[in-house]
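Asker: Sharing my_file-v2.cif here; it has mmCIF, C-alpha atoms.
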data_query
#
loop_
_atom_site.label_atom_id
_atom_site.label_comp_id
_atom_site.auth_asym_id
_atom_site.auth_seq_id
_atom_site.Cartn_x
_atom_site.Cartn_y
_atom_site.Cartn_z
CA LYS A 1 0.00 0.00 0.00
CA SER A 2 1.26 3.49 -0.76
CA GLY A 3 0.76 6.49 1.43
CA VAL A 4 0.24 4.49 4.61
CA THR A 5 0.06 6.82 7.58
CA ALA A 6 0.91 5.61 11.03
CA THR A 7 0.06 6.78 14.51
CA TYR A 8 3.04 5.89 16.65
CA ASN A 9 2.53 4.36 20.09
CA GLU A 10 4.97 3.26 22.75
CA PRO A 11 6.05 -0.34 22.03
CA ILE A 12 4.33 -2.98 24.13
CA LEU A 13 7.05 -5.27 25.43
CA ASN A 14 6.68 -8.75 26.88
CA THR A 15 9.95 -9.75 28.51
CA SER A 16 8.74 -13.04 29.93
CA SER A 17 9.02 -15.13 26.76
CA SER A 18 12.08 -17.16 25.78
CA LYS A 19 13.35 -16.63 22.25
CA ALA A 20 15.00 -18.96 19.78
CA SER A 21 18.49 -17.97 18.68
CA SER A 22 18.84 -16.60 15.16
CA SER A 23 21.55 -17.33 12.61
CA SER A 24 21.79 -17.80 8.87
CA ASN A 25 21.60 -21.57 9.33
CA ASP A 26 18.48 -21.21 11.46
CA ALA A 27 16.91 -19.04 8.75
CA VAL A 28 17.59 -21.65 6.06
CA GLU A 29 15.88 -24.37 8.09
CA ILE A 30 12.93 -22.16 9.04
CA ILE A 31 12.30 -21.13 5.43
CA LYS A 32 12.41 -24.78 4.34
CA GLN A 33 9.97 -25.67 7.11
CA VAL A 34 7.47 -22.82 6.69
CA SER A 35 7.61 -21.99 2.97
CA PRO A 36 5.38 -24.94 1.89
CA SER A 37 2.57 -23.49 4.03
CA VAL A 38 2.74 -20.16 2.15
CA VAL A 39 0.96 -19.88 -1.21
CA SER A 40 1.01 -17.37 -4.04
CA ILE A 41 -2.31 -15.86 -5.14
CA THR A 42 -3.32 -14.21 -8.42
CA THR A 43 -6.69 -12.59 -8.97
CA LYS A 44 -8.84 -11.10 -11.69
CA THR A 45 -11.27 -8.30 -10.91
CA VAL A 46 -13.89 -6.67 -13.11
CA SER A 47 -14.09 -2.92 -12.62
CA THR A 48 -16.15 -0.28 -14.40
CA ALA A 49 -14.95 2.93 -16.06
CA THR A 50 -17.56 5.71 -16.24
CA TYR A 51 -17.27 8.34 -18.97
CA PHE A 52 -18.62 11.90 -19.12
CA ASN A 53 -21.79 10.91 -20.96
CA GLY A 54 -22.75 8.32 -18.34
CA LEU A 55 -21.54 5.40 -20.44
CA THR A 56 -19.99 2.65 -18.32
CA ILE A 57 -17.56 0.08 -19.72
CA PRO A 58 -16.35 -2.92 -17.69
CA TYR A 59 -12.67 -3.87 -17.78
CA GLU A 60 -10.64 -6.64 -16.19
CA SER A 61 -7.58 -6.10 -14.00
CA GLU A 62 -5.14 -8.55 -12.44
CA GLY A 63 -3.64 -8.62 -8.96
CA ALA A 64 -1.17 -10.64 -6.92
CA GLY A 65 -0.84 -11.53 -3.26
CA SER A 66 0.01 -14.28 -0.82
CA GLY A 67 -1.72 -16.56 1.67
CA VAL A 68 -0.98 -18.97 4.50
CA ILE A 69 -2.48 -22.47 4.80
CA PHE A 70 -4.56 -22.25 7.97
CA HIS A 71 -6.65 -25.43 8.14
CA GLU A 72 -7.66 -28.55 6.23
CA ASP A 73 -10.46 -31.09 6.39
CA ASP A 74 -11.31 -34.18 4.34
CA GLU A 75 -12.44 -32.18 1.30
CA LYS A 76 -10.73 -28.79 1.36
CA VAL A 77 -7.68 -26.76 2.26
CA TYR A 78 -8.29 -23.32 3.82
CA ILE A 79 -6.00 -20.33 3.34
CA VAL A 80 -5.92 -17.08 5.32
CA THR A 81 -4.98 -13.89 3.46
CA ASN A 82 -5.73 -10.17 3.43
CA ALA A 83 -9.22 -8.95 2.53
CA HIS A 84 -7.81 -6.55 -0.07
CA VAL A 85 -6.03 -9.42 -1.87
CA VAL A 86 -9.24 -11.29 -2.81
CA GLY A 87 -12.03 -8.78 -2.16
CA GLY A 88 -14.14 -8.23 -5.28
CA ALA A 89 -12.19 -10.78 -7.32
CA THR A 90 -14.05 -12.73 -10.01
CA GLU A 91 -11.22 -15.28 -10.18
CA VAL A 92 -8.79 -16.43 -7.48
CA MET A 93 -5.95 -18.79 -8.42
CA ILE A 94 -3.72 -20.39 -5.77
CA TYR A 95 -0.18 -21.61 -6.47
CA PHE A 96 1.13 -24.32 -4.12
CA THR A 97 4.67 -25.58 -3.61
CA GLY A 98 5.26 -28.46 -6.01
CA SER A 99 3.13 -27.18 -8.89
CA ASP A 100 3.53 -24.44 -11.50
CA ASN A 101 -0.19 -24.46 -12.25
CA GLY A 102 -2.76 -22.42 -10.37
CA ILE A 103 -5.67 -24.09 -8.56
CA ALA A 104 -9.03 -22.31 -8.49
CA GLY A 105 -9.81 -20.92 -5.05
CA LYS A 106 -13.12 -19.82 -3.56
CA THR A 107 -13.43 -16.93 -1.12
CA ILE A 108 -15.63 -18.16 1.72
CA GLY A 109 -15.39 -15.27 4.14
CA ILE A 110 -14.09 -11.68 4.37
CA ASN A 111 -13.74 -9.27 7.29
CA ASN A 112 -12.88 -5.98 5.60
CA ASP A 113 -12.44 -4.02 8.83
CA ALA A 114 -9.78 -6.45 10.10
CA GLU A 115 -8.27 -7.05 6.61
CA VAL A 116 -8.73 -10.83 6.92
CA ALA A 117 -10.16 -13.29 4.38
CA ILE A 118 -10.41 -17.08 4.04
CA VAL A 119 -10.12 -18.89 0.69
CA SER A 120 -10.80 -22.61 0.16
CA VAL A 121 -9.37 -25.04 -2.39
CA LEU A 122 -10.72 -28.51 -3.18
CA LYS A 123 -8.34 -31.35 -2.38
CA SER A 124 -9.59 -33.18 -5.45
CA ASP A 125 -8.28 -30.29 -7.59
CA LEU A 126 -4.93 -30.46 -5.81
CA GLU A 127 -4.70 -34.20 -6.45
CA LYS A 128 -5.26 -33.59 -10.17
CA GLU A 129 -2.11 -31.47 -10.10
CA GLY A 130 -0.19 -34.18 -8.24
CA ILE A 131 -0.23 -32.30 -4.91
CA THR A 132 -0.85 -34.89 -2.20
CA GLU A 133 0.95 -33.37 0.78
CA ILE A 134 -0.26 -30.18 2.47
CA THR A 135 1.67 -28.26 5.13
CA VAL A 136 -0.59 -26.39 7.56
CA ALA A 137 1.24 -23.48 9.18
CA ARG A 138 1.89 -23.37 12.92
CA PHE A 139 0.68 -20.10 14.38
CA GLY A 140 2.47 -18.64 17.38
CA ASP A 141 1.31 -16.15 20.01
CA SER A 142 2.13 -12.65 18.81
CA ASP A 143 1.47 -11.33 22.31
CA ASN A 144 4.85 -12.83 23.30
CA LEU A 145 6.84 -10.93 20.66
CA GLU A 146 9.61 -8.55 21.69
CA VAL A 147 11.15 -5.61 19.92
CA GLY A 148 14.45 -6.73 18.40
CA GLU A 149 13.31 -10.32 17.83
CA SER A 150 14.38 -11.74 14.46
CA VAL A 151 11.65 -12.55 11.93
CA ILE A 152 11.32 -13.68 8.32
CA ALA A 153 8.71 -12.49 5.79
CA ILE A 154 7.67 -15.05 3.17
CA GLY A 155 5.40 -14.18 0.25
CA ASN A 156 4.73 -13.64 -3.44
CA ALA A 157 6.74 -10.42 -3.76
CA LEU A 158 5.92 -8.41 -6.91
CA GLY A 159 3.83 -11.37 -8.10
CA LYS A 160 7.01 -13.18 -9.17
CA GLY A 161 6.76 -16.18 -6.85
CA LYS A 162 7.71 -16.85 -3.26
CA VAL A 163 10.68 -15.05 -1.76
CA SER A 164 11.93 -14.65 1.81
CA THR A 165 13.35 -11.55 3.49
CA GLY A 166 14.78 -11.20 6.97
CA GLY A 167 14.67 -8.51 9.62
CA MET A 168 13.48 -7.86 13.13
CA ILE A 169 10.49 -6.64 15.06
CA SER A 170 10.80 -2.86 15.12
CA ALA A 171 7.73 -2.06 17.21
CA ILE A 172 4.60 -3.70 18.59
CA GLY A 173 1.16 -2.22 19.07
CA LYS A 174 1.33 0.25 16.17
CA GLU A 175 -1.78 1.84 14.75
CA ILE A 176 -1.81 2.54 11.01
CA ASN A 177 -4.49 3.81 8.67
CA VAL A 178 -4.96 1.81 5.47
CA ASP A 179 -7.68 2.95 3.06
CA GLY A 180 -9.61 4.53 5.92
CA LYS A 181 -9.29 1.49 8.21
CA THR A 182 -7.36 1.61 11.47
CA LEU A 183 -5.29 -1.53 12.04
CA ASN A 184 -3.24 -2.55 15.08
CA VAL A 185 -0.06 -4.04 13.66
CA ILE A 186 3.47 -5.32 14.16
CA GLN A 187 6.17 -3.18 12.54
CA THR A 188 9.15 -4.92 10.95
CA ASP A 189 12.13 -3.94 8.82
CA ALA A 190 11.91 -7.22 6.89
CA ALA A 191 11.16 -6.13 3.33
CA ILE A 192 7.41 -6.13 2.59
CA ASN A 193 6.77 -5.53 -1.11
CA PRO A 194 3.67 -5.52 -3.34
CA GLY A 195 2.48 -9.13 -3.58
CA ASN A 196 3.62 -9.91 -0.02
CA SER A 197 0.19 -8.97 1.31
CA GLY A 198 -1.39 -12.00 2.96
CA GLY A 199 1.95 -13.77 3.42
CA ALA A 200 3.61 -14.98 6.60
CA LEU A 201 5.70 -13.15 9.16
CA VAL A 202 7.56 -15.96 10.92
CA ASN A 203 9.57 -16.10 14.15
CA TYR A 204 12.70 -18.22 14.66
CA SER A 205 10.64 -21.01 16.21
CA GLY A 206 9.03 -21.52 12.80
CA GLU A 207 5.69 -20.06 13.90
CA VAL A 208 3.57 -17.59 11.94
CA VAL A 209 3.20 -14.56 14.22
CA GLY A 210 1.64 -12.19 11.70
CA ILE A 211 0.09 -11.78 8.26
CA ASN A 212 1.94 -9.17 6.20
CA THR A 213 -0.37 -6.44 5.01
CA ALA A 214 1.28 -3.09 4.12
CA LYS A 215 4.38 -0.96 3.93
CA THR A 216 5.06 2.74 4.08
CA SER A 217 5.78 3.86 0.52
CA VAL A 218 7.38 7.25 1.02
CA GLU A 219 10.70 8.11 -0.66
CA TYR A 220 12.47 9.13 2.54
CA VAL A 221 11.22 6.16 4.62
CA GLU A 222 12.72 2.66 4.49
CA GLY A 223 12.23 -0.53 6.45
CA MET A 224 8.70 0.08 7.70
CA GLY A 225 6.51 -2.90 6.88
CA TYR A 226 3.45 -3.98 8.81
CA ALA A 227 1.79 -7.28 9.71
CA ILE A 228 -1.49 -8.07 11.44
CA PRO A 229 -0.67 -9.99 14.65
CA SER A 230 -1.56 -13.68 14.85
CA SER A 231 -3.53 -12.97 18.05
CA THR A 232 -5.85 -10.83 15.91
CA ILE A 233 -5.86 -13.14 12.89
CA ILE A 234 -6.67 -16.48 14.56
CA PRO A 235 -10.09 -15.74 16.15
CA ILE A 236 -11.30 -13.88 13.06
CA ALA A 237 -10.08 -16.61 10.71
CA GLU A 238 -11.76 -19.28 12.85
CA GLN A 239 -15.04 -17.35 12.78
CA LEU A 240 -14.87 -16.87 9.00
CA LEU A 241 -14.03 -20.56 8.61
CA GLU A 242 -17.04 -21.65 10.66
CA GLU A 243 -19.44 -19.30 8.90
CA GLY A 244 -17.97 -20.14 5.50
CA THR A 245 -18.53 -23.87 5.90
CA MET A 246 -22.20 -23.50 6.89
CA GLU A 247 -24.78 -24.29 4.19
CA LYS A 248 -25.33 -21.21 2.05
CA PRO A 249 -27.93 -20.92 -0.76
CA TYR A 250 -26.18 -20.37 -4.07
CA LEU A 251 -27.54 -19.05 -7.37
CA GLY A 252 -24.32 -19.32 -9.35
CA ILE A 253 -24.02 -16.02 -11.18
CA LEU A 254 -21.74 -13.01 -11.33
CA GLY A 255 -23.64 -9.78 -11.75
CA LYS A 256 -23.93 -6.06 -11.24
CA ASP A 257 -26.64 -3.51 -10.58
CA VAL A 258 -28.77 -1.95 -13.30
CA SER A 259 -29.09 1.46 -11.69
CA GLU A 260 -31.90 3.93 -12.36
CA GLU A 261 -29.44 5.98 -14.44
CA LEU A 262 -28.49 3.02 -16.64
CA SER A 263 -32.14 2.01 -16.85
CA ASN A 264 -33.10 5.43 -18.22
CA LEU A 265 -30.09 5.57 -20.54
CA TYR A 266 -30.53 2.15 -22.15
CA GLY A 267 -34.20 1.38 -21.54
CA LEU A 268 -33.39 -1.58 -19.29
CA PRO A 269 -35.39 -2.67 -16.25
CA VAL A 270 -33.87 -1.95 -12.84
CA GLY A 271 -32.56 -5.18 -11.32
CA ALA A 272 -29.53 -7.49 -11.06
CA TYR A 273 -27.76 -7.85 -14.40
CA VAL A 274 -26.30 -11.35 -14.99
CA SER A 275 -22.79 -10.82 -16.39
CA GLU A 276 -21.72 -14.48 -16.06
CA VAL A 277 -23.41 -17.81 -15.29
CA ILE A 278 -21.27 -20.32 -13.42
CA GLU A 279 -21.18 -23.67 -15.22
CA GLY A 280 -23.03 -26.37 -13.30
CA GLY A 281 -24.51 -23.89 -10.83
CA SER A 282 -28.16 -23.41 -9.90
CA ALA A 283 -28.77 -20.67 -12.48
CA ASP A 284 -27.05 -22.64 -15.26
CA LYS A 285 -29.22 -25.70 -14.62
CA ALA A 286 -32.35 -23.53 -14.63
CA GLY A 287 -31.49 -21.95 -17.98
CA ILE A 288 -30.61 -18.45 -16.79
CA GLN A 289 -28.34 -16.76 -19.35
CA PRO A 290 -25.74 -13.97 -19.35
CA SER A 291 -27.38 -10.56 -19.98
CA ASP A 292 -30.61 -11.67 -18.27
CA ILE A 293 -31.81 -9.17 -15.67
CA ILE A 294 -33.20 -10.67 -12.46
CA VAL A 295 -36.13 -8.63 -11.15
CA GLY A 296 -37.64 -11.07 -8.63
CA LEU A 297 -36.78 -14.07 -6.47
CA GLY A 298 -39.56 -15.85 -4.63
CA ASP A 299 -41.76 -13.15 -3.09
CA ASP A 300 -39.02 -10.52 -3.19
CA LYS A 301 -38.61 -7.76 -5.73
CA ILE A 302 -34.99 -7.44 -6.89
CA LEU A 303 -33.60 -3.98 -7.62
CA SER A 304 -29.91 -4.66 -7.02
CA MET A 305 -27.33 -7.37 -6.32
CA GLU A 306 -27.70 -6.58 -2.62
CA ASP A 307 -31.44 -7.27 -2.86
CA LEU A 308 -30.63 -10.58 -4.56
CA SER A 309 -28.21 -11.61 -1.79
CA GLU A 310 -30.72 -10.71 0.92
CA ALA A 311 -33.51 -12.61 -0.85
CA LEU A 312 -31.32 -15.71 -1.26
CA ALA A 313 -30.51 -15.66 2.46
CA LYS A 314 -34.20 -16.21 3.24
CA HIS A 315 -34.16 -19.59 1.52
CA LYS A 316 -32.50 -22.95 2.17
CA VAL A 317 -30.18 -25.19 0.20
CA GLY A 318 -32.21 -27.67 -1.85
CA GLU A 319 -35.27 -25.40 -1.97
CA THR A 320 -36.90 -24.63 -5.33
CA VAL A 321 -37.57 -20.92 -5.88
CA GLU A 322 -39.06 -18.96 -8.75
CA VAL A 323 -36.78 -16.39 -10.35
CA LYS A 324 -38.37 -13.65 -12.44
CA LEU A 325 -36.17 -12.17 -15.14
CA ILE A 326 -36.15 -10.03 -18.24
CA ARG A 327 -34.40 -11.39 -21.34
CA ASN A 328 -33.35 -9.39 -24.41
CA GLY A 329 -34.55 -6.22 -22.74
CA ASN A 330 -38.27 -6.91 -22.96
CA GLU A 331 -39.11 -10.63 -22.65
CA SER A 332 -40.46 -11.59 -19.21
CA LYS A 333 -39.65 -15.10 -18.00
CA THR A 334 -40.04 -17.08 -14.78
CA VAL A 335 -37.75 -20.03 -14.14
CA LYS A 336 -37.61 -22.50 -11.27
CA VAL A 337 -34.20 -22.77 -9.60
CA VAL A 338 -33.05 -25.47 -7.18
CA LEU A 339 -30.66 -23.74 -4.79
CA GLN A 340 -27.30 -25.45 -4.32
CA ASP A 341 -24.82 -25.04 -1.45
CA ALA A 342 -22.24 -22.34 -2.21
CA ASN A 343 -19.63 -24.23 -0.17
CA LYS A 344 -19.87 -27.28 -2.40
CA GLN A 345 -19.19 -25.49 -5.66
#
Could you rewrite the structure in this file as structure tokens?

Answerer:
Amino acid sequence: KSGVTATYNEPILNTSSSKASSSSNDAVEIIKQVSPSVVSITTKTVSTATYFNGLTIPYESEGAGSGVIFHEDDEKVYIVTNAHVVGGATEVMIYFTGSDNGIAGKTIGINNDAEVAIVSVLKSDLEKEGITEITVARFGDSDNLEVGESVIAIGNALGKGKVSTGGMISAIGKEINVDGKTLNVIQTDAAINPGNSGGALVNYSGEVVGINTAKTSVEYVEGMGYAIPSSTIIPIAEQLLEEGTMEKPYLGILGKDVSEELSNLYGLPVGAYVSEVIEGGSADKAGIQPSDIIVGLGDDKILSMEDLSEALAKHKVGETVEVKLIRNGNESKTVKVVLQDANKQ
């Protein structure tokens, strides 16, 4: 992040913890041990450019970040990263140690205020790429960190693949402002570069003590990178994991709002415009097509994507609901949709 502003506090020191010694040999072993639990992430996001005459044109942009393997179960692997890495992405690809090919990831939970997100990957997809062994990171207690303690940052720097940089804890209990959000962070002089966001800050016991999130990008400032402490990350990630694995009704579309302005400009009905239909999803099986405009779901009138999300939340997985839509700008249709579970897609 550029232009990060920080409010400086007195460091919070905990002198009761015992620390592992640090040397170049230690660093080599720690990187070998922890690096397999760190993944590279690439994303695609659809944004909209608005011109002076009100015309809006969508365009696709790419991004890069990192993540840390947080949990696994029989079917999936779960990765913790920063909210800004995957927020709004239409495609999330995860690159694991042992494979040059990306595996499709699914964002199952985001806490924007805390800058935390959880992404899942199907083990069956990993097996297709020959990845049979998963390393889940060990998380340490960031409350025991001390200023001066040696740490290593591991992540997808500049989107060029995993790299490791070393440094120390410069301060604890910092407050910084990132995009209008106040975060309590660890400061380190280990190099944090674009693409490192969501990666691991590791102590010399091989434990992840923070998730790297930002750096100060000012010409006259060097060595000021920031990580969200593990003590903050763990409870939020666990909550997102639990909520993200609950049954969730799923329509299987990507869409955007047809605002009143666009409606007047192009003669379209106000509603949720279907920009993409996910293959094999509920909408696909019901015959919903790209460019359809959803104007009703069940008993609810749909005027926006938010309305659509709220209406879906009233129904259950496996339930059949009627979706009212407009096709080709003027053809009214009603289709019956069997709602699938978003977490099984």

Asker: Counting all atoms listed in the file, find the residues whose atoms lie at most 6 Å from (5.4, -17.1, 6.3) (file coordinates) and write them out as number ranges by chain.

Answerer: A: 38, 153-154, 199-202, 208

Asker: Using only C-alpha atoms, which of the listed residues (A:Ser170, A:Ala237, A:Asn184, A:Leu254) sits closest to Thr45 (chain A)?

Answerer: A:Leu254

Asker: Run the PyMOL selection byres ((chain A and resi 93-104) around 6) against the file shown and list the residues it catches, as a list in words.

Answerer: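 Applied to this file, the PyMOL selection byres ((chain A and resi 93-104) around 6) selects Pro36, Val39, Ser40, Ile41, Thr42, Val92 and Gly105 of chain A.
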
Asker: Just so the selection is clear, what residues does the PyMOL selection byres ((chain A and resi 188) around 9) cover here, as a ChimeraX atom specification?

Answerer: /A:151,167-172,186-187,189-192,223-227

Asker: Residues as selected, C-alpha atoms, written as a PDB file, keeping the file's coordinate frame, can you do that?

Answerer:
ATOM      1  CA  VAL A 151      11.650 -12.550  11.930  1.00  0.00           C
ATOM      2  CA  GLY A 167      14.670  -8.510   9.620  1.00  0.00           C
ATOM      3  CA  MET A 168      13.480  -7.860  13.130  1.00  0.00           C
ATOM      4  CA  ILE A 169      10.490  -6.640  15.060  1.00  0.00           C
ATOM      5  CA  SER A 170      10.800  -2.860  15.120  1.00  0.00           C
ATOM      6  CA  ALA A 171       7.730  -2.060  17.210  1.00  0.00           C
ATOM      7  CA  ILE A 172       4.600  -3.700  18.590  1.00  0.00           C
ATOM      8  CA  ILE A 186       3.470  -5.320  14.160  1.00  0.00           C
ATOM      9  CA  GLN A 187       6.170  -3.180  12.540  1.00  0.00           C
ATOM     10  CA  ASP A 189      12.130  -3.940   8.820  1.00  0.00           C
ATOM     11  CA  ALA A 190      11.910  -7.220   6.890  1.00  0.00           C
ATOM     12  CA  ALA A 191      11.160  -6.130   3.330  1.00  0.00           C
ATOM     13  CA  ILE A 192       7.410  -6.130   2.590  1.00  0.00           C
ATOM     14  CA  GLY A 223      12.230  -0.530   6.450  1.00  0.00           C
ATOM     15  CA  MET A 224       8.700   0.080   7.700  1.00  0.00           C
ATOM     16  CA  GLY A 225       6.510  -2.900   6.880  1.00  0.00           C
ATOM     17  CA  TYR A 226       3.450  -3.980   8.810  1.00  0.00           C
ATOM     18  CA  ALA A 227       1.790  -7.280   9.710  1.00  0.00           C
TER      19      ALA A 227
END

Asker: Apply the PyMOL selection byres ((chain A and resi 299) around 10) to the displayed file and report the matching residues as a ChimeraX atom specification.

Answerer: /A:296-298,300-302,311,321-324

Asker: Would you mind listing what lies within 9 Å of Gln289 (chain A) as a list of chain:residue names, with all atoms listed in the file counted and same-chain residues fewer than 3 positions away left out?

Answerer: A:Val274, A:Ser275, A:Glu276, A:Val277, A:Ala283, A:Asp284, A:Asp292, A:Arg327

Asker: Which of these, A:Leu126, A:Leu183, A:Val68, A:Ile110, has the shortest distance to Gly88 (chain A) once you count all atoms listed in the file?

Answerer: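 Closest to Gly88 (chain A), using all atoms listed in the file: A:Ile110.
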
Asker: Between CA of Asp74 (chain A) and CA of Gln340 (chain A), what is the distance, to one decimal in Å?

Answerer: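 For CA of Asp74 (chain A) relative to CA of Gln340 (chain A), the distance reads 20.2 Å.
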
Asker: Excluding Gln33 (chain A) and residues on its chain fewer than 6 positions from it, collect all residues at most 10 Å away from it, counting all atoms listed in the file, and give them as a ChimeraX atom specification.

Answerer: /A:27,135,137,206-207

Asker: What does the distance between CA of Asn330 (chain A) and CA of Leu312 (chain A) come to in Å, to one decimal place?

Answerer: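 These atoms are spaced 24.4 Å apart.
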
Asker: When you draw a straight line from CA of Lys106 (chain A) to CA of Glu279 (chain A), how long is it in Å?

Answerer: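 We find that CA of Lys106 (chain A) and CA of Glu279 (chain A) lie 14.7 Å from each other.
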
Asker: Counting only C-alpha atoms, find residues at most 8 Å from (-30.4, -20.3, -3.3) (file frame) and give them as a list of chain:residue names.

Answerer: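 In the file's frame, the residues around the point are A:Lys248, A:Pro249, A:Tyr250, A:Leu251, A:Ser282, A:Leu312, A:Ala313, A:His315, A:Lys316, A:Val317, A:Gly318, A:Glu319, A:Val321, A:Val337, A:Val338, A:Leu339, A:Gln340, A:Asp341.
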
Asker: Could you write out that same residue set with C-alpha atoms as a short mmCIF file (atom, residue, chain, number, x, y, z; two decimals), in the coordinates of the input?

Answerer:
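The result, stored in out_38.cif:
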data_model
loop_
_atom_site.label_atom_id
_atom_site.label_comp_id
_atom_site.auth_asym_id
_atom_site.auth_seq_id
_atom_site.Cartn_x
_atom_site.Cartn_y
_atom_site.Cartn_z
CA LYS A 248 -25.33 -21.21 2.05
CA PRO A 249 -27.93 -20.92 -0.76
CA TYR A 250 -26.18 -20.37 -4.07
CA LEU A 251 -27.54 -19.05 -7.37
CA SER A 282 -28.16 -23.41 -9.90
CA LEU A 312 -31.32 -15.71 -1.26
CA ALA A 313 -30.51 -15.66 2.46
CA HIS A 315 -34.16 -19.59 1.52
CA LYS A 316 -32.50 -22.95 2.17
CA VAL A 317 -30.18 -25.19 0.20
CA GLY A 318 -32.21 -27.67 -1.85
CA GLU A 319 -35.27 -25.40 -1.97
CA VAL A 321 -37.57 -20.92 -5.88
CA VAL A 337 -34.20 -22.77 -9.60
CA VAL A 338 -33.05 -25.47 -7.18
CA LEU A 339 -30.66 -23.74 -4.79
CA GLN A 340 -27.30 -25.45 -4.32
CA ASP A 341 -24.82 -25.04 -1.45
#

Asker: Restricting the calculation to only C-alpha atoms: of A:Pro58, A:Pro194, A:Gly210, A:Gly87, which residue gets closest to Ser230 (chain A)?

Answerer: A:Gly210
